[in-house]
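Colleague: Supplied structure: start.cif, mmCIF, C-alpha atoms.
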data_data
#
loop_
_atom_site.group_PDB
_atom_site.id
_atom_site.type_symbol
_atom_site.label_atom_id
_atom_site.label_comp_id
_atom_site.auth_asym_id
_atom_site.auth_seq_id
_atom_site.Cartn_x
_atom_site.Cartn_y
_atom_site.Cartn_z
ATOM 1 C CA MET A 46 49.334 96.842 140.045
ATOM 2 C CA GLU A 47 49.659 100.560 139.301
ATOM 3 C CA GLY A 48 52.151 100.861 142.153
ATOM 4 C CA LEU A 49 54.277 98.048 140.777
ATOM 5 C CA TYR A 50 54.280 99.551 137.299
ATOM 6 C CA ALA A 51 55.159 102.944 138.796
ATOM 7 C CA THR A 52 58.174 101.290 140.439
ATOM 8 C CA VAL A 53 59.249 99.878 137.073
ATOM 9 C CA GLU A 54 58.925 103.353 135.554
ATOM 10 C CA GLU A 55 60.818 105.008 138.405
ATOM 11 C CA THR A 56 63.634 102.459 138.291
ATOM 12 C CA SER A 57 63.879 102.748 134.522
ATOM 13 C CA GLY A 58 64.003 106.526 134.797
ATOM 14 C CA LEU A 59 67.064 106.313 137.042
ATOM 15 C CA LEU A 60 68.825 104.659 134.102
ATOM 16 C CA ASN A 61 67.343 107.024 131.489
ATOM 17 C CA ILE A 62 65.290 104.165 130.020
ATOM 18 C CA SER A 63 61.627 104.548 129.072
ATOM 19 C CA PRO A 64 59.640 101.323 129.554
ATOM 20 C CA SER A 65 56.855 100.576 127.116
ATOM 21 C CA ARG A 66 53.598 100.251 129.061
ATOM 22 C CA ASP A 67 52.196 98.240 126.138
ATOM 23 C CA LYS A 68 54.911 95.621 126.712
ATOM 24 C CA VAL A 69 55.264 95.706 130.506
ATOM 25 C CA TRP A 70 51.602 95.867 131.566
ATOM 26 C CA PRO A 71 50.552 92.548 129.912
ATOM 27 C CA ILE A 72 53.416 90.776 131.682
ATOM 28 C CA LEU A 73 52.403 92.200 135.047
ATOM 29 C CA SER A 74 48.706 91.509 134.508
ATOM 30 C CA ALA A 75 49.354 87.868 133.540
ATOM 31 C CA TYR A 76 49.834 87.103 137.232
ATOM 32 C CA ASP A 77 47.574 87.622 140.245
ATOM 33 C CA LEU A 78 50.001 90.057 141.877
ATOM 34 C CA GLU A 79 47.370 91.618 144.123
ATOM 35 C CA LYS A 80 47.582 88.600 146.451
ATOM 36 C CA VAL A 81 51.344 88.128 146.733
ATOM 37 C CA VAL A 82 54.447 89.826 148.050
ATOM 38 C CA VAL A 83 56.761 90.806 145.205
ATOM 39 C CA ALA A 84 60.557 90.880 145.503
ATOM 40 C CA PHE A 85 61.900 93.273 142.875
ATOM 41 C CA ARG A 86 65.459 92.932 141.506
ATOM 42 C CA VAL A 87 67.025 95.073 138.815
ATOM 43 C CA THR A 88 70.276 94.711 136.895
ATOM 44 C CA THR A 89 71.714 96.283 133.778
ATOM 45 C CA ARG A 90 74.555 93.791 133.306
ATOM 46 C CA GLY A 91 76.693 96.604 131.950
ATOM 47 C CA SER A 92 74.385 97.323 129.026
ATOM 48 C CA GLN A 93 71.607 99.730 128.135
ATOM 49 C CA ASP A 94 69.017 96.986 128.692
ATOM 50 C CA LEU A 95 67.093 96.845 131.942
ATOM 51 C CA ASP A 96 66.518 93.343 133.308
ATOM 52 C CA CYS A 97 63.692 93.381 135.870
ATOM 53 C CA ARG A 98 62.956 90.161 137.708
ATOM 54 C CA PHE A 99 59.953 89.644 139.920
ATOM 55 C CA THR A 100 59.728 86.864 142.472
ATOM 56 C CA ALA A 101 56.206 86.338 143.748
ATOM 57 C CA LEU A 102 56.004 84.909 147.256
ATOM 58 C CA PRO A 103 52.647 83.762 148.678
ATOM 59 C CA LEU A 104 51.351 85.758 151.620
ATOM 60 C CA ALA A 105 51.569 83.886 154.909
#
Just give me the structure as structure tokens.

Modeller:
Amino acid sequence: MEGLYATVEETSGLLNISPSRDKVWPILSAYDLEKVVVAFRVTTRGSQDLDCRFTALPLA
């Protein structure tokens, strides 16, 4: 989970955005992400907001 959060931080940093760990970590920890493959997609939609979407795929 630390690696996934680090990716969120790194991606946010590329856009000069600072994610709030207090807001992001509970969302990540709500799911059992240790047992899935995560597809990570990022878009800004032309704004200063960072929209991160995670698609969890079961391991085969």

Colleague: Separation of atom CA of Thr100 of chain A and atom CA of Val53 of chain A, in Å?

Modeller: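 Interatomic distance here is 14.1 Å.
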
Colleague: What is the atom CA of Ile62 of chain A to atom CA of Ala75 of chain A distance in Å?

Modeller: 23.1 Å

Colleague: Record the distance separating atom CA of Trp70 of chain A and atom CA of Arg98 of chain A, expressed in Å with one decimal.

Modeller: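 Result for atom CA of Trp70 of chain A versus atom CA of Arg98 of chain A: 14.1 Å, one decimal.
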
Colleague: Apply the PyMOL selection byres ((chain A and resi 64) around 12) to the file shown and report the selected residues as a count of residues only.

Modeller: 24
